[in-house]
>>> print(open('query_39.tsv').read())   # TSV, C-alpha atoms
chain	number	residue	atom	x	y	z
T	4	MET	CA	27.60	-42.83	-3.93
T	5	ALA	CA	30.64	-43.12	-1.73
T	6	VAL	CA	30.71	-45.78	0.92
T	7	ALA	CA	30.55	-43.21	3.70
T	8	GLU	CA	27.53	-41.57	2.11
T	9	ARG	CA	25.76	-44.88	1.73
T	10	GLU	CA	26.38	-45.66	5.37
T	11	HIS	CA	24.92	-42.35	6.41
T	12	ALA	CA	21.89	-42.78	4.15
T	13	ALA	CA	21.09	-46.24	5.47
T	14	VAL	CA	18.56	-46.70	8.23
T	15	GLU	CA	20.16	-47.84	11.44
T	16	VAL	CA	17.80	-50.30	13.09
T	17	VAL	CA	18.06	-50.82	16.85
T	18	ASP	CA	16.01	-53.52	18.55
T	19	LEU	CA	15.36	-52.66	22.17
T	20	ALA	CA	14.48	-56.29	22.81
T	21	THR	CA	18.14	-57.13	22.34
T	22	THR	CA	19.89	-53.79	22.89
T	23	SER	CA	19.97	-51.95	26.18
T	24	LEU	CA	18.41	-48.50	26.37
T	25	ARG	CA	21.70	-47.14	27.71
T	26	ASP	CA	23.58	-48.40	24.66
T	27	LEU	CA	20.99	-46.91	22.31
T	28	ASN	CA	20.98	-43.49	23.95
T	29	GLN	CA	24.78	-43.47	24.18
T	30	ARG	CA	25.03	-44.08	20.43
T	31	LEU	CA	22.51	-41.34	19.74
T	32	HIS	CA	24.34	-38.92	22.04
T	33	GLU	CA	27.62	-39.58	20.25
T	34	LEU	CA	26.07	-38.15	17.07
T	35	ALA	CA	26.54	-34.71	18.60
T	36	GLU	CA	30.30	-35.22	18.43
T	37	MET	CA	30.85	-37.39	15.38
T	38	PRO	CA	28.92	-38.17	12.19
T	39	GLY	CA	26.87	-41.32	12.05
T	40	PRO	CA	23.65	-42.69	10.60
T	41	SER	CA	21.18	-39.92	9.86
T	42	HIS	CA	18.10	-42.11	10.02
T	43	TRP	CA	17.36	-44.47	12.89
T	44	ARG	CA	14.55	-46.92	13.47
T	45	ILE	CA	13.93	-48.23	16.97
T	46	VAL	CA	11.82	-51.34	17.29
T	47	ASN	CA	10.31	-53.09	20.32
T	48	PRO	CA	10.39	-50.06	22.65
T	49	SER	CA	7.77	-51.83	24.81
T	50	GLY	CA	7.11	-48.74	26.88
T	51	ALA	CA	10.73	-48.09	27.78
T	52	HIS	CA	11.36	-44.77	29.49
T	53	ALA	CA	13.66	-41.99	28.26
T	54	VAL	CA	13.98	-43.35	24.73
T	55	ALA	CA	15.95	-40.99	22.49
T	56	CYS	CA	16.46	-38.40	25.20
T	57	GLY	CA	19.00	-35.64	24.97
T	58	LEU	CA	19.70	-35.79	21.24
T	59	ASP	CA	21.73	-32.98	19.70
T	60	ALA	CA	22.11	-33.83	16.02
T	61	ASP	CA	20.32	-33.41	12.70
T	62	VAL	CA	18.98	-36.94	12.58
T	63	GLU	CA	15.61	-38.62	12.22
T	64	VAL	CA	14.59	-41.24	14.74
T	65	GLU	CA	11.54	-43.40	14.10
T	66	ILE	CA	10.18	-45.42	17.01
T	67	ASP	CA	7.87	-48.30	16.15
T	68	GLY	CA	5.63	-48.85	19.15
T	69	HIS	CA	4.61	-47.29	22.45
T	70	VAL	CA	7.11	-45.46	24.63
T	71	GLY	CA	7.24	-44.73	28.35
T	72	TYR	CA	8.05	-41.56	30.26
T	73	TYR	CA	10.04	-38.60	28.95
T	74	CYS	CA	10.66	-39.83	25.42
T	75	ALA	CA	12.66	-37.32	23.35
T	76	GLY	CA	13.18	-35.10	26.35
T	77	MET	CA	15.63	-32.20	26.02
T	78	ASN	CA	15.81	-32.80	22.28
T	79	LYS	CA	17.85	-30.45	20.10
T	80	ARG	CA	17.68	-30.43	16.28
T	81	ALA	CA	16.59	-34.04	15.85
T	82	THR	CA	13.25	-35.24	14.55
T	83	VAL	CA	11.74	-38.01	16.68
T	84	ARG	CA	8.60	-39.80	15.49
T	85	VAL	CA	6.71	-42.17	17.75
T	86	HIS	CA	4.49	-44.56	15.83
T	87	GLY	CA	2.40	-45.41	18.86
T	88	ASN	CA	1.45	-43.77	22.16
T	89	ALA	CA	3.68	-41.95	24.61
T	90	SER	CA	3.50	-41.77	28.38
T	91	THR	CA	4.17	-38.89	30.74
T	92	GLY	CA	6.39	-36.04	29.63
T	93	ILE	CA	6.89	-36.63	25.92
T	94	ALA	CA	9.27	-33.96	24.54
T	95	GLU	CA	9.78	-32.52	27.98
T	96	ASN	CA	12.02	-29.46	27.79
T	97	LEU	CA	12.21	-29.66	24.01
T	98	MET	CA	14.86	-27.19	22.88
T	99	SER	CA	14.52	-27.40	19.09
T	100	GLY	CA	13.74	-29.93	16.40
T	101	ARG	CA	10.51	-31.83	16.10
T	102	VAL	CA	8.72	-34.58	17.97
T	103	GLU	CA	5.68	-36.33	16.51
T	104	VAL	CA	3.38	-38.89	18.08
T	105	ASP	CA	0.85	-40.81	16.03
T	106	GLY	CA	-1.25	-41.86	19.00
T	107	ASN	CA	-2.24	-40.49	22.40
T	108	VAL	CA	0.08	-38.99	24.99
T	109	SER	CA	-0.15	-38.91	28.78
T	110	GLN	CA	0.15	-35.91	31.00
T	111	SER	CA	2.70	-33.08	30.83
T	112	ALA	CA	3.42	-33.35	27.12
T	113	GLY	CA	5.94	-30.73	26.05
T	114	ALA	CA	6.39	-29.53	29.63
T	115	THR	CA	8.78	-26.57	29.98
T	116	GLY	CA	9.70	-26.81	26.28
T	117	ARG	CA	11.82	-23.92	25.06
T	118	GLY	CA	11.58	-24.37	21.29
T	119	GLY	CA	10.83	-26.77	18.49
T	120	LEU	CA	7.54	-28.38	17.55
T	121	LEU	CA	5.58	-31.16	19.23
T	122	VAL	CA	2.82	-32.75	17.19
T	123	VAL	CA	0.32	-35.13	18.81
T	124	ARG	CA	-2.11	-36.67	16.35
T	125	GLY	CA	-4.26	-38.26	19.04
T	126	ASN	CA	-5.30	-36.81	22.38
T	127	ALA	CA	-3.08	-35.30	25.05
T	128	SER	CA	-3.89	-35.79	28.70
T	129	SER	CA	-3.72	-33.26	31.50
T	130	ARG	CA	-1.15	-30.47	31.82
T	131	CYS	CA	-0.22	-30.46	28.16
T	132	GLY	CA	2.26	-27.61	27.66
T	133	ILE	CA	2.65	-26.92	31.36
T	134	SER	CA	5.14	-24.07	31.83
T	135	MET	CA	5.92	-24.01	28.12
T	136	LYS	CA	8.63	-21.47	27.34
T	137	GLY	CA	8.74	-21.24	23.57
T	138	ILE	CA	7.77	-24.66	22.28
T	139	ASP	CA	4.93	-24.91	19.78
T	140	ILE	CA	2.48	-27.75	20.35
T	141	VAL	CA	-0.18	-28.95	17.91
T	142	VAL	CA	-2.67	-31.53	19.16
T	143	GLY	CA	-4.94	-33.18	16.62
T	144	GLY	CA	-7.35	-34.31	19.31
T	145	SER	CA	-8.19	-32.89	22.71
T	146	VAL	CA	-6.18	-31.88	25.77
T	147	GLY	CA	-6.93	-32.60	29.43
T	148	HIS	CA	-7.30	-30.39	32.45
T	149	MET	CA	-4.77	-27.75	33.51
T	150	SER	CA	-3.20	-27.57	30.06
T	151	ALA	CA	-0.87	-24.63	29.46
T	152	PHE	CA	-0.64	-24.05	33.20
T	153	MET	CA	1.78	-21.12	33.73
T	154	ALA	CA	2.55	-21.16	30.02
T	155	GLN	CA	5.04	-18.44	29.21
T	156	THR	CA	5.67	-18.31	25.46
T	157	GLY	CA	4.95	-20.42	22.42
T	158	CYS	CA	1.69	-21.63	20.91
T	159	LEU	CA	-0.62	-24.45	21.87
T	160	VAL	CA	-3.01	-25.41	19.06
T	161	VAL	CA	-5.79	-27.83	20.01
T	162	CYS	CA	-7.96	-29.18	17.22
T	163	GLY	CA	-10.38	-30.81	19.64
T	164	ASP	CA	-11.55	-29.73	23.08
T	165	ALA	CA	-9.74	-28.47	26.16
T	166	GLY	CA	-10.38	-29.66	29.72
T	167	GLU	CA	-10.88	-27.69	32.92
T	168	ALA	CA	-8.73	-24.70	33.87
T	169	LEU	CA	-7.10	-24.08	30.51
T	170	GLY	CA	-4.22	-21.62	30.76
T	171	ASP	CA	-4.33	-21.19	34.50
T	172	SER	CA	-1.89	-18.44	35.57
T	173	ILE	CA	-0.77	-18.05	31.98
T	174	TYR	CA	1.89	-15.55	30.95
T	175	GLU	CA	2.32	-14.77	27.24
T	176	ALA	CA	1.77	-18.10	25.50
T	177	ARG	CA	-0.96	-18.16	22.89
T	178	LEU	CA	-3.61	-20.83	23.02
T	179	TYR	CA	-5.83	-21.76	20.09
T	180	VAL	CA	-8.70	-24.20	20.55
T	181	ARG	CA	-11.10	-25.33	17.83
T	182	GLY	CA	-13.57	-27.14	20.07
T	183	SER	CA	-15.03	-26.45	23.47
T	184	VAL	CA	-13.16	-25.31	26.57
T	185	ALA	CA	-14.50	-26.82	29.78
T	186	SER	CA	-13.31	-23.81	31.76
T	187	LEU	CA	-10.57	-21.20	31.74
T	188	GLY	CA	-8.04	-21.02	34.55
T	189	ALA	CA	-7.16	-17.97	36.62
T	190	ASP	CA	-6.26	-14.95	34.49
T	191	CYS	CA	-6.90	-16.73	31.17
T	192	VAL	CA	-9.39	-15.05	28.86
T	193	GLU	CA	-10.60	-15.34	25.31
T	194	LYS	CA	-9.02	-12.84	22.95
T	195	GLU	CA	-9.66	-11.65	19.44
T	196	LEU	CA	-8.44	-13.86	16.62
T	197	THR	CA	-6.82	-11.50	14.11
T	198	ASP	CA	-5.25	-12.19	10.73
T	199	GLU	CA	-1.87	-12.41	12.44
T	200	HIS	CA	-3.16	-15.23	14.60
T	201	THR	CA	-4.90	-17.17	11.85
T	202	ALA	CA	-1.70	-16.98	9.81
T	203	ARG	CA	0.24	-18.38	12.76
T	204	VAL	CA	-2.27	-21.17	13.27
T	205	ARG	CA	-2.21	-21.97	9.57
T	206	GLY	CA	1.56	-22.20	9.64
T	207	LEU	CA	1.53	-24.54	12.61
T	208	LEU	CA	-1.21	-26.75	11.16
T	209	ASP	CA	0.71	-26.98	7.90
T	210	ALA	CA	3.88	-27.84	9.76
T	211	ALA	CA	1.99	-30.53	11.66
T	212	GLY	CA	0.34	-31.89	8.52
T	213	ILE	CA	-3.14	-31.44	10.00
T	214	ASP	CA	-5.98	-30.31	7.77
T	215	ALA	CA	-8.11	-27.74	9.60
T	216	ASP	CA	-9.40	-24.24	8.98
T	217	PRO	CA	-7.57	-21.67	11.14
T	218	ALA	CA	-10.70	-19.52	11.19
T	219	ASP	CA	-12.47	-22.22	13.24
T	220	PHE	CA	-10.17	-21.68	16.21
T	221	ARG	CA	-10.65	-19.35	19.17
T	222	ARG	CA	-7.73	-17.67	20.88
T	223	TYR	CA	-7.05	-17.54	24.60
T	224	GLY	CA	-4.34	-15.75	26.51
T	225	SER	CA	-3.43	-13.81	29.61
T	226	ALA	CA	-5.59	-11.04	31.01
T	227	ARG	CA	-2.38	-9.87	32.74
T	228	ARG	CA	-4.19	-9.27	35.99
T	229	LEU	CA	-1.82	-11.44	38.01
T	230	TYR	CA	1.41	-9.77	36.90
T	231	ASN	CA	1.34	-7.41	39.83
T	232	PHE	CA	0.01	-8.10	43.28
T	233	HIS	CA	-3.46	-6.81	43.88
T	234	ILE	CA	-5.28	-7.60	47.06
T	235	ASP	CA	-8.49	-8.40	45.20
T	236	ASN	CA	-6.65	-11.22	43.41
T	237	ALA	CA	-5.14	-12.71	46.55
T	238	GLY	CA	-7.18	-15.84	46.16
T	239	ALA	CA	-5.79	-16.49	42.70
T	240	TYR	CA	-2.08	-16.20	43.51
U	21	MET	CA	-15.84	-55.12	19.76
U	22	GLY	CA	-13.85	-52.13	20.94
U	23	ARG	CA	-14.73	-50.88	24.37
U	24	HIS	CA	-18.04	-52.71	24.56
U	25	ALA	CA	-17.09	-56.31	24.91
U	26	LEU	CA	-14.20	-57.68	26.86
U	27	PRO	CA	-13.20	-61.07	27.93
U	28	VAL	CA	-11.60	-62.78	31.46
U	29	VAL	CA	-10.32	-61.16	34.65
U	30	LEU	CA	-6.65	-60.43	34.94
U	31	PHE	CA	-5.82	-58.86	38.24
U	32	LEU	CA	-2.13	-58.72	38.87
U	33	VAL	CA	-1.66	-56.71	42.01
U	34	GLY	CA	1.09	-54.17	41.79
U	35	ALA	CA	2.25	-53.07	38.41
U	36	ILE	CA	-0.76	-53.99	36.39
U	37	CYS	CA	-4.44	-54.55	36.90
U	38	GLY	CA	-6.92	-55.64	34.30
U	39	VAL	CA	-9.70	-57.85	33.13
U	40	THR	CA	-10.14	-60.33	30.36
U	41	THR	CA	-13.02	-62.63	29.44
U	42	ALA	CA	-15.61	-63.42	26.88
U	43	GLY	CA	-18.49	-61.06	26.96
U	44	PHE	CA	-17.81	-58.01	29.05
U	45	ALA	CA	-19.60	-54.79	28.36
U	46	GLN	CA	-18.62	-51.40	29.62
U	47	GLN	CA	-21.18	-49.75	31.83
U	48	ASP	CA	-22.25	-46.16	31.63
U	49	VAL	CA	-19.52	-43.82	32.75
U	50	ALA	CA	-20.29	-41.96	35.93
U	51	THR	CA	-18.47	-39.04	37.47
U	52	MET	CA	-17.10	-38.96	40.98
U	53	THR	CA	-15.07	-36.15	42.43
U	54	GLY	CA	-13.37	-35.54	45.73
U	55	VAL	CA	-10.07	-35.33	47.46
U	56	VAL	CA	-10.38	-36.76	50.95
U	57	LYS	CA	-10.10	-33.92	53.45
U	58	ASP	CA	-10.61	-33.22	57.09
U	59	ALA	CA	-10.99	-29.85	58.78
U	60	THR	CA	-7.33	-29.05	58.16
U	61	GLY	CA	-7.14	-30.06	54.50
U	62	PRO	CA	-6.17	-33.25	52.61
U	63	ALA	CA	-6.35	-36.28	54.88
U	64	PRO	CA	-3.43	-38.69	54.41
U	65	GLY	CA	-3.86	-42.21	55.66
U	66	THR	CA	-7.61	-42.22	55.30
U	67	THR	CA	-9.16	-45.50	54.22
U	68	VAL	CA	-11.63	-45.14	51.36
U	69	THR	CA	-13.92	-48.08	50.68
U	70	VAL	CA	-16.01	-48.75	47.59
U	71	VAL	CA	-18.93	-51.16	47.95
U	72	ASN	CA	-20.59	-52.96	45.09
U	73	THR	CA	-24.15	-52.89	46.41
U	74	ARG	CA	-25.23	-55.65	44.05
U	75	THR	CA	-22.53	-58.18	44.90
U	76	GLY	CA	-21.54	-56.87	48.31
U	77	ILE	CA	-17.89	-56.90	47.30
U	78	THR	CA	-15.86	-54.12	48.88
U	79	THR	CA	-12.51	-52.68	47.94
U	80	SER	CA	-10.49	-50.27	49.96
U	81	THR	CA	-7.53	-48.01	49.46
U	82	VAL	CA	-5.64	-45.60	51.66
U	83	THR	CA	-5.04	-42.01	50.68
U	84	ASN	CA	-1.48	-40.85	50.47
U	85	LYS	CA	0.17	-37.70	51.78
U	86	ASP	CA	-1.72	-35.51	49.37
U	87	GLY	CA	-5.07	-37.09	49.95
U	88	PHE	CA	-5.16	-38.39	46.40
U	89	TYR	CA	-6.16	-41.86	45.36
U	90	THR	CA	-6.31	-44.26	42.45
U	91	PHE	CA	-8.73	-47.15	42.45
U	92	ALA	CA	-8.33	-50.28	40.39
U	93	VAL	CA	-11.15	-52.56	41.47
U	94	GLY	CA	-11.39	-56.14	40.27
U	95	THR	CA	-14.30	-58.37	41.17
U	96	ALA	CA	-15.49	-61.76	40.00
U	97	ASP	CA	-17.44	-60.20	37.20
U	98	GLY	CA	-16.05	-56.77	36.62
U	99	PHE	CA	-13.30	-54.24	36.67
U	100	ALA	CA	-13.34	-50.52	37.41
U	101	VAL	CA	-10.88	-47.67	37.54
U	102	LEU	CA	-11.18	-44.29	39.22
U	103	ARG	CA	-8.54	-41.58	39.55
U	104	ASP	CA	-8.76	-38.62	41.87
U	105	PRO	CA	-9.73	-35.26	40.39
U	106	ILE	CA	-6.18	-33.91	40.33
U	107	ALA	CA	-4.73	-37.02	38.71
U	108	CYS	CA	-1.05	-36.34	39.14
U	109	LYS	CA	-0.12	-39.98	39.39
U	110	PRO	CA	0.65	-41.69	36.11
U	111	ALA	CA	-1.92	-44.16	34.80
U	112	VAL	CA	-2.65	-45.82	31.51
U	113	LEU	CA	-5.61	-47.91	30.40
U	114	ALA	CA	-5.30	-50.32	27.52
U	115	GLU	CA	-7.96	-52.34	25.79
U	116	THR	CA	-8.20	-54.98	23.11
U	117	ASP	CA	-11.04	-57.22	22.03
U	118	ASP	CA	-9.85	-59.75	24.63
U	119	TRP	CA	-8.87	-57.74	27.70
U	120	VAL	CA	-8.58	-54.41	29.42
U	121	ALA	CA	-5.71	-53.50	31.70
U	122	MET	CA	-4.52	-50.61	33.83
U	123	SER	CA	-1.04	-49.78	34.94
U	124	SER	CA	1.08	-46.83	35.92
U	125	GLU	CA	3.16	-47.35	32.80
U	126	TRP	CA	2.98	-49.03	29.44
U	127	ARG	CA	6.08	-51.07	30.27
U	128	ALA	CA	3.94	-53.39	32.41
U	129	ILE	CA	1.23	-53.80	29.79
U	130	ALA	CA	3.53	-54.35	26.83
U	131	VAL	CA	4.08	-58.00	27.77
U	132	LEU	CA	0.39	-58.88	27.39
U	133	PRO	CA	-0.61	-60.76	24.24
U	134	GLY	CA	-1.78	-58.37	21.57
U	135	ALA	CA	-0.67	-55.31	23.54
U	136	ALA	CA	0.93	-53.73	20.51
U	137	ASP	CA	-2.49	-53.39	18.91
U	138	ALA	CA	-4.32	-52.26	22.06
U	139	THR	CA	-6.09	-48.95	22.31
U	140	ALA	CA	-4.35	-47.02	25.07
U	141	TRP	CA	-5.20	-43.80	26.84
U	142	GLU	CA	-4.74	-42.03	30.14
U	143	PRO	CA	-7.93	-42.27	32.23
U	144	GLU	CA	-9.49	-38.92	32.91
U	145	PRO	CA	-9.63	-37.62	36.48
U	146	GLY	CA	-12.78	-38.20	38.50
U	147	VAL	CA	-14.30	-40.50	35.89
U	148	VAL	CA	-15.35	-44.07	36.72
U	149	TYR	CA	-14.44	-46.51	34.01
U	150	ALA	CA	-16.20	-49.83	34.55
U	151	TRP	CA	-16.54	-53.07	32.68
U	152	GLU	CA	-18.85	-55.91	33.62
U	153	LYS	CA	-19.40	-59.36	32.22
U	154	ALA	CA	-22.21	-59.29	29.69
U	155	LEU	CA	-24.79	-62.01	29.20
U	156	VAL	CA	-23.84	-64.14	26.21
>>> encode(input="query_39.tsv", output="structure tokens")
Amino acid sequence: MAVAEREHAAVEVVDLATTSLRDLNQRLHELAEMPGPSHWRIVNPSGAHAVACGLDADVEVEIDGHVGYYCAGMNKRATVRVHGNASTGIAENLMSGRVEVDGNVSQSAGATGRGGLLVVRGNASSRCGISMKGIDIVVGGSVGHMSAFMAQTGCLVVCGDAGEALGDSIYEARLYVRGSVASLGADCVEKELTDEHTARVRGLLDAAGIDADPADFRRYGSARRLYNFHIDNAGAY
Amino acid sequence: MGRHALPVVLFLVGAICGVTTAGFAQQDVATMTGVVKDATGPAPGTTVTVVNTRTGITTSTVTNKDGFYTFAVGTADGFAVLRDPIACKPAVLAETDDWVAMSSEWRAIAVLPGAADATAWEPEPGVVYAWEKALV
């Protein structure tokens, strides 16, 4: 193996106890312009905010520990794995690539995401997938209230339960929940689960590495009653 | 011991609130809902007071512009957390065998001993989480 290849194959370890977050993110951003290590390991994140934000490169970033707000936000192409919990806004505005969290995540996970896959192996708090615009989200546990609020496209797969007002004011995102739903939000209804949908759920579960039977899920989506103004719906606008 | 036995009271006003000791046991979880409102809607600047009827200890907070609130109540023998039903403000609870802590962000909790192995989650809206010293 050539020296350059060995360098690229090696894991680049960055200790946030001794390296500033700005330096780390700057180095990761530079990968969009010039080749560098393809595998990174970040240790001692200690809840730092905005870790590994704005990546645009085919790299893998492992984070050992809990992260703060907006980790892996705006990610393109990269795979970011958090071996811990994540605070508000994990994978916010995800464009492509993959973000995985071993633990629990706080509110607004995957908010406004336009593509890629977010996998949460624990529970997600409120507003998971709020205003999602093409991202796929798979949650191994449960999601909190107001999840998929104004969700436009993409899939939200919940292996546990969903909190109050699931899919409030939803557009065309598809929601799949295996457990109970505390309540559905305005204009969100249960819909038939066809073979097309079970195949989609199976694909997402496989991609997430979660063992579950797609046939156990129920599908929810828009009743499309809020698309046009109707006086009888005035209270729901 | 998980969630059922915690040790000492750690109450650092500001970034982090918590409790540690030997022999705390979580009480039954109750549900409380309500955004403070007056006739015109949410009532900013309203003082909300919680009274422990057994000990007489009171704790107060003031609602903000949206009428939302977050309680982190520490007493001589207990600790409780309550978020408003909307729960827009960030909050995280963390618990080990030795302590429980609440903060708006993990950054403040990470410095506690054993934090890396703590169980952490975002408290649900309108749910009272309470721990009290158990008889040992």
>>> atom_distance(input="query_39.tsv", atom1="CA of Leu208 (chain T)", atom2="CA of Val141 (chain T)")
7.2 Å
>>> atom_distance(input="query_39.tsv", atom1="CA of Gly68 (chain T)", atom2="CA of Ala111 (chain U)")
18.0 Å
>>> atom_distance(input="query_39.tsv", atom1="CA of Thr21 (chain T)", atom2="CA of Pro133 (chain U)")
19.2 Å
>>> interface_residues(input="query_39.tsv", of="chain U", to="chain T", cutoff="10 Å", atoms="all atoms listed in the file", output="list in words")
Pro105, Ile106, Ala107, Cys108, Lys109, Pro110, Ala111, Val112, Ser124, Glu125, Trp126, Arg127, Ala128, Ile129, Ala130, Val131, Ala135, Ala136, Asp137, Thr139, Ala140, Trp141, Glu142, Pro143, Glu144 and Pro145 of chain U
>>> axis_aligned_box(input="query_39.tsv", around="region 115-128 of chain T", padding_each_side="4 Å", output="AutoDock Vina command-line options")
--center_x 3.3 --center_y -31.1 --center_z 23.2 --size_x 25.1 --size_y 22.3 --size_z 21.6
>>> residues_around(input="query_39.tsv", residues="region 95-104 of chain U", least_positions_apart="5", cutoff="6 Å", atoms="all atoms listed in the file", output="ChimeraX atom specification")
/U:88-90,145-153
>>> write_last_selection(input="query_39.tsv", atoms="C-alpha atoms", output="short mmCIF file (atom, residue, chain, number, x, y, z; two decimals), in the coordinates of the input")
data_model
loop_
_atom_site.label_atom_id
_atom_site.label_comp_id
_atom_site.auth_asym_id
_atom_site.auth_seq_id
_atom_site.Cartn_x
_atom_site.Cartn_y
_atom_site.Cartn_z
CA PHE U 88 -5.16 -38.39 46.40
CA TYR U 89 -6.16 -41.86 45.36
CA THR U 90 -6.31 -44.26 42.45
CA PRO U 145 -9.63 -37.62 36.48
CA GLY U 146 -12.78 -38.20 38.50
CA VAL U 147 -14.30 -40.50 35.89
CA VAL U 148 -15.35 -44.07 36.72
CA TYR U 149 -14.44 -46.51 34.01
CA ALA U 150 -16.20 -49.83 34.55
CA TRP U 151 -16.54 -53.07 32.68
CA GLU U 152 -18.85 -55.91 33.62
CA LYS U 153 -19.40 -59.36 32.22
#
>>> residues_around(input="query_39.tsv", residues="Glu95 (chain T)", least_positions_apart="3", cutoff="8 Å", atoms="all atoms listed in the file", output="PDB file with C-alpha atoms, in the coordinates of the input")
ATOM      1  CA  TYR T  73      10.040 -38.600  28.950  1.00  0.00           C
ATOM      2  CA  CYS T  74      10.660 -39.830  25.420  1.00  0.00           C
ATOM      3  CA  ALA T  75      12.660 -37.320  23.350  1.00  0.00           C
ATOM      4  CA  GLY T  76      13.180 -35.100  26.350  1.00  0.00           C
ATOM      5  CA  MET T  77      15.630 -32.200  26.020  1.00  0.00           C
ATOM      6  CA  GLY T  92       6.390 -36.040  29.630  1.00  0.00           C
ATOM      7  CA  SER T 111       2.700 -33.080  30.830  1.00  0.00           C
ATOM      8  CA  ALA T 112       3.420 -33.350  27.120  1.00  0.00           C
ATOM      9  CA  GLY T 113       5.940 -30.730  26.050  1.00  0.00           C
ATOM     10  CA  ALA T 114       6.390 -29.530  29.630  1.00  0.00           C
ATOM     11  CA  THR T 115       8.780 -26.570  29.980  1.00  0.00           C
ATOM     12  CA  GLY T 116       9.700 -26.810  26.280  1.00  0.00           C
TER      13      GLY T 116
END
>>> closest_residue(input="query_39.tsv", among="T:Leu120, T:Ile93, T:Ala237, T:Val46", to="Arg80 (chain T)", atoms="only C-alpha atoms")
T:Leu120
>>> decode(input="query_39.tsv", residues="region 186-198 of chain T", atoms="N, CA, C and O atoms", output="PDB file, in the first residue's frame")
ATOM      1  N   SER T 186     -52.032  10.461  19.892  1.00  0.00           N
ATOM      2  CA  SER T 186     -53.093  11.135  19.136  1.00  0.00           C
ATOM      3  C   SER T 186     -52.510  11.599  17.814  1.00  0.00           C
ATOM      4  O   SER T 186     -51.300  11.777  17.682  1.00  0.00           O
ATOM      5  N   LEU T 187     -53.382  11.776  16.842  1.00  0.00           N
ATOM      6  CA  LEU T 187     -52.962  12.295  15.543  1.00  0.00           C
ATOM      7  C   LEU T 187     -53.228  13.793  15.489  1.00  0.00           C
ATOM      8  O   LEU T 187     -54.227  14.273  16.023  1.00  0.00           O
ATOM      9  N   GLY T 188     -52.326  14.528  14.834  1.00  0.00           N
ATOM     10  CA  GLY T 188     -52.498  15.962  14.703  1.00  0.00           C
ATOM     11  C   GLY T 188     -53.511  16.292  13.618  1.00  0.00           C
ATOM     12  O   GLY T 188     -54.070  15.399  12.953  1.00  0.00           O
ATOM     13  N   ALA T 189     -53.716  17.587  13.411  1.00  0.00           N
ATOM     14  CA  ALA T 189     -54.682  18.052  12.425  1.00  0.00           C
ATOM     15  C   ALA T 189     -54.342  17.530  11.040  1.00  0.00           C
ATOM     16  O   ALA T 189     -53.201  17.612  10.594  1.00  0.00           O
ATOM     17  N   ASP T 190     -55.300  16.952  10.389  1.00  0.00           N
ATOM     18  CA  ASP T 190     -55.204  16.469   9.005  1.00  0.00           C
ATOM     19  C   ASP T 190     -54.313  15.234   8.852  1.00  0.00           C
ATOM     20  O   ASP T 190     -53.939  14.875   7.740  1.00  0.00           O
ATOM     21  N   CYS T 191     -53.968  14.573   9.923  1.00  0.00           N
ATOM     22  CA  CYS T 191     -53.193  13.329   9.829  1.00  0.00           C
ATOM     23  C   CYS T 191     -54.136  12.160  10.113  1.00  0.00           C
ATOM     24  O   CYS T 191     -54.874  12.178  11.104  1.00  0.00           O
ATOM     25  N   VAL T 192     -54.107  11.176   9.222  1.00  0.00           N
ATOM     26  CA  VAL T 192     -55.014  10.037   9.365  1.00  0.00           C
ATOM     27  C   VAL T 192     -54.242   8.737   9.141  1.00  0.00           C
ATOM     28  O   VAL T 192     -53.169   8.733   8.553  1.00  0.00           O
ATOM     29  N   GLU T 193     -54.844   7.658   9.611  1.00  0.00           N
ATOM     30  CA  GLU T 193     -54.250   6.357   9.319  1.00  0.00           C
ATOM     31  C   GLU T 193     -54.616   5.960   7.898  1.00  0.00           C
ATOM     32  O   GLU T 193     -55.736   6.199   7.427  1.00  0.00           O
ATOM     33  N   LYS T 194     -53.676   5.331   7.221  1.00  0.00           N
ATOM     34  CA  LYS T 194     -53.895   4.920   5.837  1.00  0.00           C
ATOM     35  C   LYS T 194     -53.532   3.445   5.684  1.00  0.00           C
ATOM     36  O   LYS T 194     -52.830   2.875   6.517  1.00  0.00           O
ATOM     37  N   GLU T 195     -53.978   2.891   4.591  1.00  0.00           N
ATOM     38  CA  GLU T 195     -53.726   1.474   4.338  1.00  0.00           C
ATOM     39  C   GLU T 195     -52.231   1.201   4.159  1.00  0.00           C
ATOM     40  O   GLU T 195     -51.516   1.987   3.534  1.00  0.00           O
ATOM     41  N   LEU T 196     -51.791   0.096   4.700  1.00  0.00           N
ATOM     42  CA  LEU T 196     -50.398  -0.336   4.542  1.00  0.00           C
ATOM     43  C   LEU T 196     -50.361  -1.374   3.416  1.00  0.00           C
ATOM     44  O   LEU T 196     -50.777  -2.517   3.597  1.00  0.00           O
ATOM     45  N   THR T 197     -49.894  -0.969   2.254  1.00  0.00           N
ATOM     46  CA  THR T 197     -49.871  -1.877   1.108  1.00  0.00           C
ATOM     47  C   THR T 197     -48.489  -2.533   0.986  1.00  0.00           C
ATOM     48  O   THR T 197     -47.565  -2.208   1.736  1.00  0.00           O
ATOM     49  N   ASP T 198     -48.360  -3.409   0.010  1.00  0.00           N
ATOM     50  CA  ASP T 198     -47.079  -4.076  -0.211  1.00  0.00           C
ATOM     51  C   ASP T 198     -45.974  -3.068  -0.519  1.00  0.00           C
ATOM     52  O   ASP T 198     -44.825  -3.250  -0.129  1.00  0.00           O
TER      53      ASP T 198
END
